[in-house]
file data07.txt (compact mmCIF, C-alpha atoms and all ligand atoms)
# COMPACT_ATOMS: atom_id res chain seq x y z
CA MET A 167 50.22 -18.77 -29.17
CA THR A 168 47.61 -17.41 -31.57
CA ALA A 169 47.20 -13.65 -31.66
CA PRO A 170 44.24 -12.33 -29.69
CA ARG A 171 41.48 -11.31 -32.03
CA ILE A 172 39.34 -8.21 -31.69
CA ASP A 173 36.49 -7.45 -34.10
CA ILE A 174 35.08 -3.94 -34.14
CA LEU A 175 31.61 -3.25 -35.52
CA THR A 176 31.04 0.41 -36.36
CA ILE A 177 29.38 2.79 -38.81
CA PHE A 178 32.70 4.70 -38.97
CA PRO A 179 35.30 2.08 -39.96
CA GLY A 180 37.68 4.82 -41.17
CA TRP A 181 37.80 6.18 -37.63
CA PHE A 182 40.09 3.28 -36.69
CA ASP A 183 42.62 3.84 -39.51
CA GLY A 184 44.83 5.97 -37.24
CA PRO A 185 44.90 3.77 -34.12
CA LEU A 186 45.35 0.60 -36.16
CA THR A 187 48.27 1.80 -38.24
CA THR A 188 50.27 3.92 -35.79
CA SER A 189 51.85 3.46 -32.35
CA LEU A 190 52.54 0.20 -30.54
CA LEU A 191 49.05 -1.04 -31.36
CA GLY A 192 49.55 -0.49 -35.08
CA ARG A 193 52.87 -2.30 -35.04
CA ALA A 194 51.43 -5.25 -33.13
CA ASN A 195 48.60 -5.45 -35.66
CA GLU A 196 51.01 -5.32 -38.62
CA ASP A 197 53.26 -7.97 -37.08
CA ALA A 198 50.24 -10.27 -36.55
CA ARG A 199 50.78 -10.25 -32.79
CA LEU A 200 47.29 -8.88 -32.67
CA ASP A 201 44.38 -9.60 -35.01
CA LEU A 202 42.24 -6.46 -35.21
CA ARG A 203 39.41 -6.46 -37.73
CA VAL A 204 37.08 -3.56 -38.46
CA HIS A 205 33.62 -4.18 -39.93
CA ASP A 206 31.27 -1.60 -41.43
CA LEU A 207 27.76 -2.04 -40.02
CA ARG A 208 26.33 -0.61 -43.25
CA ASP A 209 27.54 -3.74 -45.09
CA TYR A 210 24.75 -5.58 -43.28
CA THR A 211 21.92 -3.40 -44.58
CA THR A 212 19.85 -4.14 -47.66
CA ASP A 213 18.01 -0.89 -48.37
CA ARG A 214 19.08 1.77 -50.84
CA HIS A 215 20.15 4.20 -48.11
CA ARG A 216 22.07 1.56 -46.15
CA SER A 217 20.19 2.63 -43.01
CA VAL A 218 21.39 1.35 -39.69
CA ASP A 219 18.79 3.27 -37.69
CA ASP A 220 15.10 4.06 -37.71
CA ALA A 221 12.53 6.16 -35.83
CA PRO A 222 11.69 5.02 -32.30
CA TYR A 223 8.47 3.16 -31.55
CA GLY A 224 6.40 5.42 -29.29
CA GLY A 225 7.79 8.55 -30.95
CA GLY A 226 10.33 11.02 -29.67
CA ALA A 227 13.43 12.72 -30.96
CA GLY A 228 16.40 10.91 -32.42
CA MET A 229 16.88 7.62 -34.15
CA VAL A 230 17.40 4.12 -32.82
CA MET A 231 19.96 1.62 -34.14
CA ARG A 232 18.21 -1.35 -35.71
CA ALA A 233 18.34 -4.72 -34.00
CA ASP A 234 18.05 -6.64 -37.29
CA VAL A 235 21.11 -4.96 -38.80
CA LEU A 236 23.20 -5.31 -35.66
CA THR A 237 22.16 -8.95 -35.22
CA ALA A 238 23.05 -9.76 -38.85
CA ALA A 239 26.44 -8.08 -38.44
CA ALA A 240 27.22 -9.86 -35.19
CA GLU A 241 26.18 -13.29 -36.47
CA ALA A 242 28.31 -12.90 -39.61
CA VAL A 243 31.37 -11.72 -37.67
CA TRP A 244 31.00 -14.28 -34.90
CA ASN A 245 30.86 -17.11 -37.46
CA ASP A 246 33.34 -15.69 -40.01
CA LEU A 247 30.67 -15.41 -42.68
CA PRO A 248 30.51 -12.78 -45.45
CA PRO A 249 27.90 -10.01 -45.10
CA GLU A 250 25.73 -11.62 -47.84
CA ALA A 251 25.20 -14.64 -45.58
CA THR A 252 23.26 -12.66 -42.98
CA ALA A 253 22.27 -9.22 -44.33
CA GLY A 254 18.51 -8.85 -44.66
CA ARG A 255 17.76 -12.27 -43.15
CA THR A 256 15.63 -12.71 -40.10
CA ASP A 257 16.71 -16.29 -39.25
CA PRO A 258 20.15 -17.14 -37.94
CA PRO A 259 22.49 -18.56 -40.61
CA ALA A 260 22.02 -22.32 -41.04
CA GLY A 261 24.45 -24.41 -39.05
CA ALA A 262 25.98 -21.40 -37.34
CA ARG A 263 27.68 -22.07 -34.02
CA PHE A 264 27.19 -18.58 -32.63
CA VAL A 265 23.72 -17.07 -32.67
CA ALA A 266 22.00 -14.07 -31.11
CA GLY A 267 20.48 -15.11 -27.80
CA GLY A 268 22.61 -18.26 -27.73
CA GLU A 269 26.27 -19.17 -27.49
CA ARG A 270 28.45 -16.26 -28.63
CA PRO A 271 31.93 -14.82 -28.18
CA ARG A 272 32.39 -12.09 -25.59
CA THR A 273 30.58 -9.19 -27.26
CA ILE A 274 30.85 -5.79 -25.64
CA LEU A 275 28.34 -3.08 -26.39
CA LEU A 276 29.86 0.34 -25.69
CA THR A 277 27.24 2.45 -23.98
CA PRO A 278 27.11 5.05 -21.22
CA ARG A 279 24.76 2.77 -19.28
CA GLY A 280 27.33 -0.05 -19.12
CA ARG A 281 29.58 -1.27 -16.32
CA ARG A 282 32.36 1.27 -15.73
CA PHE A 283 35.62 0.25 -17.39
CA ASP A 284 38.67 0.11 -15.15
CA GLN A 285 42.04 -1.64 -14.89
CA ALA A 286 40.48 -4.71 -13.25
CA MET A 287 38.14 -5.12 -16.22
CA ALA A 288 41.05 -4.59 -18.61
CA ARG A 289 42.82 -7.49 -16.90
CA GLU A 290 39.69 -9.63 -17.11
CA LEU A 291 39.27 -8.92 -20.85
CA ALA A 292 42.99 -9.47 -21.53
CA ALA A 293 42.43 -13.13 -20.63
CA GLU A 294 40.01 -13.55 -23.57
CA ASP A 295 41.35 -14.78 -26.91
CA ARG A 296 38.47 -13.18 -28.75
CA LEU A 297 36.50 -9.98 -28.20
CA VAL A 298 33.83 -8.30 -30.30
CA LEU A 299 33.29 -4.58 -29.72
CA LEU A 300 29.99 -3.12 -30.85
CA CYS A 301 30.05 0.67 -31.25
CA GLY A 302 26.62 2.20 -30.80
CA ARG A 303 25.56 5.72 -31.59
CA TYR A 304 24.57 7.58 -28.47
CA GLU A 305 20.93 8.33 -29.26
CA GLY A 306 19.77 4.81 -28.79
CA ILE A 307 20.06 1.16 -29.61
CA ASP A 308 17.13 -1.21 -29.90
CA GLU A 309 16.87 -2.96 -26.53
CA ARG A 310 16.95 -6.37 -28.23
CA VAL A 311 20.60 -5.76 -29.12
CA HIS A 312 21.33 -5.40 -25.41
CA ASP A 313 19.39 -8.61 -24.73
CA LEU A 314 20.42 -10.88 -27.61
CA VAL A 315 23.70 -9.66 -29.09
CA ALA A 316 25.74 -8.15 -26.27
CA THR A 317 27.24 -10.33 -23.56
CA ASP A 318 28.48 -7.22 -21.72
CA GLU A 319 27.72 -3.50 -21.66
CA VAL A 320 30.66 -1.25 -20.88
CA SER A 321 31.02 2.50 -20.32
CA ILE A 322 34.37 4.29 -20.19
CA GLY A 323 33.05 7.00 -17.86
CA ASP A 324 30.16 9.12 -16.75
CA TYR A 325 29.91 11.33 -19.80
CA VAL A 326 28.19 10.89 -23.13
CA LEU A 327 30.13 10.57 -26.38
CA PHE A 328 28.67 10.67 -29.89
CA GLY A 329 29.26 6.95 -30.10
CA GLY A 330 31.28 3.99 -28.94
CA GLU A 331 34.31 4.36 -31.24
CA VAL A 332 36.48 6.30 -28.79
CA ALA A 333 35.42 3.93 -26.01
CA ALA A 334 36.34 0.91 -28.16
CA ALA A 335 39.79 2.39 -28.82
CA VAL A 336 40.29 2.97 -25.09
CA ILE A 337 39.40 -0.63 -24.32
CA ILE A 338 41.58 -2.05 -27.10
CA GLU A 339 44.58 -0.09 -25.92
CA ALA A 340 44.13 -0.87 -22.22
CA VAL A 341 43.50 -4.58 -22.89
CA THR A 342 46.09 -5.34 -25.55
CA ARG A 343 48.98 -3.77 -23.66
CA LEU A 344 48.37 -6.29 -20.87
CA ARG A 345 48.83 -9.24 -23.24
CA PRO A 346 52.32 -10.74 -23.15
CA GLY A 347 54.30 -10.00 -26.29
CA ILE A 348 52.43 -6.83 -27.24
CA VAL A 349 54.15 -4.19 -25.09
CA GLY A 350 57.92 -4.28 -25.77
CA ASN A 351 58.73 -4.59 -22.08
CA ASP A 352 56.42 -7.21 -20.57
CA ALA A 353 57.49 -6.31 -17.03
CA SER A 354 56.24 -2.75 -17.13
CA PRO A 355 52.45 -3.23 -16.85
CA ALA A 356 52.91 -4.92 -13.45
CA ASP A 357 54.78 -1.89 -12.16
CA GLU A 358 52.41 0.89 -13.10
CA SER A 359 49.44 2.85 -11.84
CA PHE A 360 46.54 0.68 -10.59
CA ALA A 361 48.52 -2.58 -10.88
CA ASP A 362 48.65 -2.77 -7.08
CA GLY A 363 45.72 -0.45 -6.45
CA LEU A 364 47.96 2.63 -6.16
CA LEU A 365 48.91 5.43 -8.52
CA GLU A 366 52.44 5.17 -9.86
CA TYR A 367 55.34 6.77 -7.95
CA PRO A 368 57.14 9.77 -9.51
CA GLN A 369 59.88 8.96 -12.04
CA TYR A 370 62.97 10.96 -13.03
CA THR A 371 65.63 10.73 -15.72
CA ARG A 372 68.53 12.94 -16.78
CA PRO A 373 69.40 15.78 -16.41
CA ALA A 374 70.02 15.73 -12.64
CA ASP A 375 69.16 19.42 -12.44
CA LEU A 376 66.54 21.26 -14.44
CA ARG A 377 66.39 24.98 -13.72
CA GLY A 378 67.14 24.38 -10.07
CA HIS A 379 64.76 21.39 -9.76
CA GLY A 380 66.76 18.36 -8.73
CA VAL A 381 66.13 14.62 -8.38
CA PRO A 382 65.43 13.06 -4.94
CA GLU A 383 68.78 11.94 -3.53
CA VAL A 384 67.63 8.44 -2.59
CA LEU A 385 67.27 7.56 -6.30
CA SER A 386 71.01 7.96 -6.82
CA SER A 387 71.98 6.24 -3.55
CA GLY A 388 72.32 2.75 -5.03
CA ASP A 389 70.36 1.42 -2.03
CA HIS A 390 67.67 -0.69 -3.72
CA GLY A 391 65.75 -1.25 -0.50
CA ALA A 392 65.64 2.47 0.23
CA VAL A 393 64.55 3.20 -3.36
CA ALA A 394 61.74 0.62 -3.13
CA ARG A 395 60.56 2.05 0.21
CA TRP A 396 60.66 5.61 -1.12
CA ARG A 397 58.67 4.63 -4.20
CA HIS A 398 56.04 2.84 -2.15
CA ASP A 399 55.70 5.80 0.24
CA GLN A 400 55.40 8.21 -2.68
CA ALA A 401 52.80 6.04 -4.42
CA LEU A 402 50.78 5.87 -1.21
CA ALA A 403 51.01 9.63 -0.58
CA LEU A 404 50.07 10.44 -4.18
CA THR A 405 47.12 8.06 -4.08
CA ARG A 406 45.95 9.47 -0.73
CA SER A 407 46.02 13.05 -2.01
CA ARG A 408 44.70 12.47 -5.57
CA ARG A 409 42.55 9.34 -5.37
CA PRO A 410 41.64 8.48 -1.76
CA ASP A 411 38.77 6.38 -3.15
CA LEU A 412 41.36 3.82 -4.32
CA LEU A 413 42.33 3.34 -0.66
CA GLY A 414 38.71 3.06 0.44
CA GLU A 415 38.93 6.52 2.03
CA PRO A 416 36.34 9.29 1.53
CA ASP A 417 37.14 12.20 -0.80
CA PRO A 418 38.49 15.26 1.03
CA PRO A 419 36.08 18.24 1.23
CA CYS A 420 36.39 20.75 -1.63
CA ALA A 421 38.84 23.60 -1.02
CA ASP A 422 36.02 26.13 -1.24
CA GLY A 423 33.82 24.20 1.16
CA GLY A 424 31.69 22.83 -1.67
CA SER A 425 29.53 25.93 -1.91
CA GLY A 426 29.94 25.97 -5.67
N1 LIG A 501 28.95 5.75 -26.00
C1 LIG A 501 28.60 7.01 -25.69
N2 LIG A 501 29.11 7.39 -24.52
C2 LIG A 501 29.83 6.33 -24.05
C3 LIG A 501 30.59 6.10 -22.89
N3 LIG A 501 30.72 7.01 -21.95
N4 LIG A 501 31.18 4.90 -22.76
C4 LIG A 501 31.03 3.96 -23.70
N5 LIG A 501 30.33 4.12 -24.81
C5 LIG A 501 29.73 5.30 -25.00
call {"tool": "encode", "arguments": {"input": "data07.txt", "output": "structure tokens"}}
result
Amino acid sequence: MTAPRIDILTIFPGWFDGPLTTSLLGRANEDARLDLRVHDLRDYTTDRHRSVDDAPYGGGAGMVMRADVLTAAAEAVWNDLPPEATAGRTDPPAGARFVAGGERPRTILLTPRGRRFDQAMARELAAEDRLVLLCGRYEGIDERVHDLVATDEVSIGDYVLFGGEVAAAVIIEAVTRLRPGIVGNDASPADESFADGLLEYPQYTRPADLRGHGVPEVLSSGDHGAVARWRHDQALALTRSRRPDLLGEPDPPCADGGSG
């Protein structure tokens, strides 16, 4: 099986040095079980300042990421071409299979206006052999990038970050750990929070007593059926109290009556 490939397009390539060289993700990348490639968007500029953004048409505060630069970067990465092949050009590269507005690999633009990322989407993306993650800066991205380059727009939550780098790292971690052969124990993702729509049941390990806090007796009973039932009941109770929305139930009223 070929390693799943993820290309990241960013103006802060160094940001990914940590995640890509440490932890399980870093090891998978080093062992070629995962093919993570980071691309600097500034390599696709042609001006002296290597500008990836410009002032907005119509005026207003802030800068907008340029569609020509992002299109050039995406077309080079999609087609495994060097930056010189697309930087500063307005036409798609000759003979290219993947072009903006046409056929292209799954290309996710990280933006607060995107579809909310969750475990179901992680599972959906884990089935792809190739993903391209496009990290925008929060102020704005030329709308033509949304239309012609991105195949999907994804948000990791209802808050605004400086840019998509943190969101890209979240997606990479959630997606890659679902791929067989990347987490050491392939059985564990099926057994965890959200896998069956519930939060995970409480876990314990030694010591049996910590400052008077013990371990539920059933877990040492050796009765596998009783353990499984206890775990399911606990998962259900935890989900009902913490995340009733996962069970299709309304949120409980706030403790203070919601008066603020
Ligand atoms: N960029 C800025 N904020 C974001 C968010 N919440 N999710 C994804 N990308 C973002």
call {"tool": "closest_residue", "arguments": {"input": "data07.txt", "among": "A:Leu175, A:Leu364, A:Ala198, A:Ile322", "to": "A:Pro410", "atoms": "only C-alpha atoms"}}
result
A:Leu364
call {"tool": "closest_residue", "arguments": {"input": "data07.txt", "among": "A:Arg303, A:Arg397, A:Arg255, A:Arg272", "to": "ligand LIG 501 (chain A)", "atoms": "all atoms listed in the file"}}
result
A:Arg303
call {"tool": "axis_aligned_box", "arguments": {"input": "data07.txt", "around": "stretch 211-215 of chain A", "padding_each_side": "5 Å", "output": "AutoDock Vina command-line options"}}
result
--center_x 20.0 --center_y 0.0 --center_z -47.7 --size_x 13.9 --size_y 18.3 --size_z 16.3
call {"tool": "residues_near_ligand", "arguments": {"input": "data07.txt", "ligand": "ligand LIG 501 (chain A)", "cutoff": "7 Å", "atoms": "only C-alpha atoms and all ligand atoms", "output": "MDAnalysis selection string"}}
result
chainID A and resid 276:278 302:304 320:330 333
call {"tool": "write_last_selection", "arguments": {"input": "data07.txt", "atoms": "C-alpha atoms", "output": "mmCIF file, in the frame of the given file"}}
result
data_model
loop_
_atom_site.group_PDB
_atom_site.id
_atom_site.type_symbol
_atom_site.label_atom_id
_atom_site.label_comp_id
_atom_site.auth_asym_id
_atom_site.auth_seq_id
_atom_site.Cartn_x
_atom_site.Cartn_y
_atom_site.Cartn_z
ATOM 1 C CA LEU A 276 29.860 0.340 -25.690
ATOM 2 C CA THR A 277 27.240 2.450 -23.980
ATOM 3 C CA PRO A 278 27.110 5.050 -21.220
ATOM 4 C CA GLY A 302 26.620 2.200 -30.800
ATOM 5 C CA ARG A 303 25.560 5.720 -31.590
ATOM 6 C CA TYR A 304 24.570 7.580 -28.470
ATOM 7 C CA VAL A 320 30.660 -1.250 -20.880
ATOM 8 C CA SER A 321 31.020 2.500 -20.320
ATOM 9 C CA ILE A 322 34.370 4.290 -20.190
ATOM 10 C CA GLY A 323 33.050 7.000 -17.860
ATOM 11 C CA ASP A 324 30.160 9.120 -16.750
ATOM 12 C CA TYR A 325 29.910 11.330 -19.800
ATOM 13 C CA VAL A 326 28.190 10.890 -23.130
ATOM 14 C CA LEU A 327 30.130 10.570 -26.380
ATOM 15 C CA PHE A 328 28.670 10.670 -29.890
ATOM 16 C CA GLY A 329 29.260 6.950 -30.100
ATOM 17 C CA GLY A 330 31.280 3.990 -28.940
ATOM 18 C CA ALA A 333 35.420 3.930 -26.010
#
call {"tool": "atom_distance", "arguments": {"input": "data07.txt", "atom1": "atom CA of A:Ala401", "atom2": "atom CA of A:Ala292"}}
result
25.1 Å
call {"tool": "atom_distance", "arguments": {"input": "data07.txt", "atom1": "atom CA of A:Trp244", "atom2": "atom CA of A:Ala266"}}
result
9.8 Å
call {"tool": "residues_near_point", "arguments": {"input": "data07.txt", "point": "(41.9, -7.7, -30.5)", "cutoff": "9 Å", "atoms": "only C-alpha atoms", "output": "list in words"}}
result
Ala169, Pro170, Arg171, Ile172, Asp173, Ile174, Asn195, Leu200, Asp201, Leu202, Arg203, Asp295, Arg296, Leu297, Val298, Ile338, Val341 and Thr342 of chain A
call {"tool": "residues_around", "arguments": {"input": "data07.txt", "residues": "A:Glu358", "least_positions_apart": "4", "cutoff": "12 Å", "atoms": "all atoms listed in the file", "output": "ChimeraX atom specification"}}
result
/A:285,344,352-354,362-369,397-398,401
call {"tool": "residues_around", "arguments": {"input": "data07.txt", "residues": "A:Thr187", "least_positions_apart": "6", "cutoff": "12 Å", "atoms": "all atoms listed in the file", "output": "ChimeraX atom specification"}}
result
/A:180-181,193-197,202
call {"tool": "closest_residue", "arguments": {"input": "data07.txt", "among": "A:Leu413, A:Ile307, A:Leu207, A:Val332", "to": "A:Arg279", "atoms": "only C-alpha atoms"}}
result
A:Ile307
call {"tool": "residues_around", "arguments": {"input": "data07.txt", "residues": "A:Arg216", "least_positions_apart": "4", "cutoff": "12 Å", "atoms": "all atoms listed in the file", "output": "list in words"}}
result
Ile177, Asp206, Leu207, Arg208, Asp209, Tyr210, Thr211, Thr212, Asp220, Arg232, Val235, Ala253 and Gly254 of chain A
call {"tool": "atom_distance", "arguments": {"input": "data07.txt", "atom1": "atom CA of A:Ser189", "atom2": "atom CA of A:Arg289"}}
result
21.0 Å
call {"tool": "closest_residue", "arguments": {"input": "data07.txt", "among": "A:Ala233, A:Ala240, A:Leu385, A:Ile337", "to": "A:Arg282", "atoms": "all atoms listed in the file"}}
result
A:Ile337
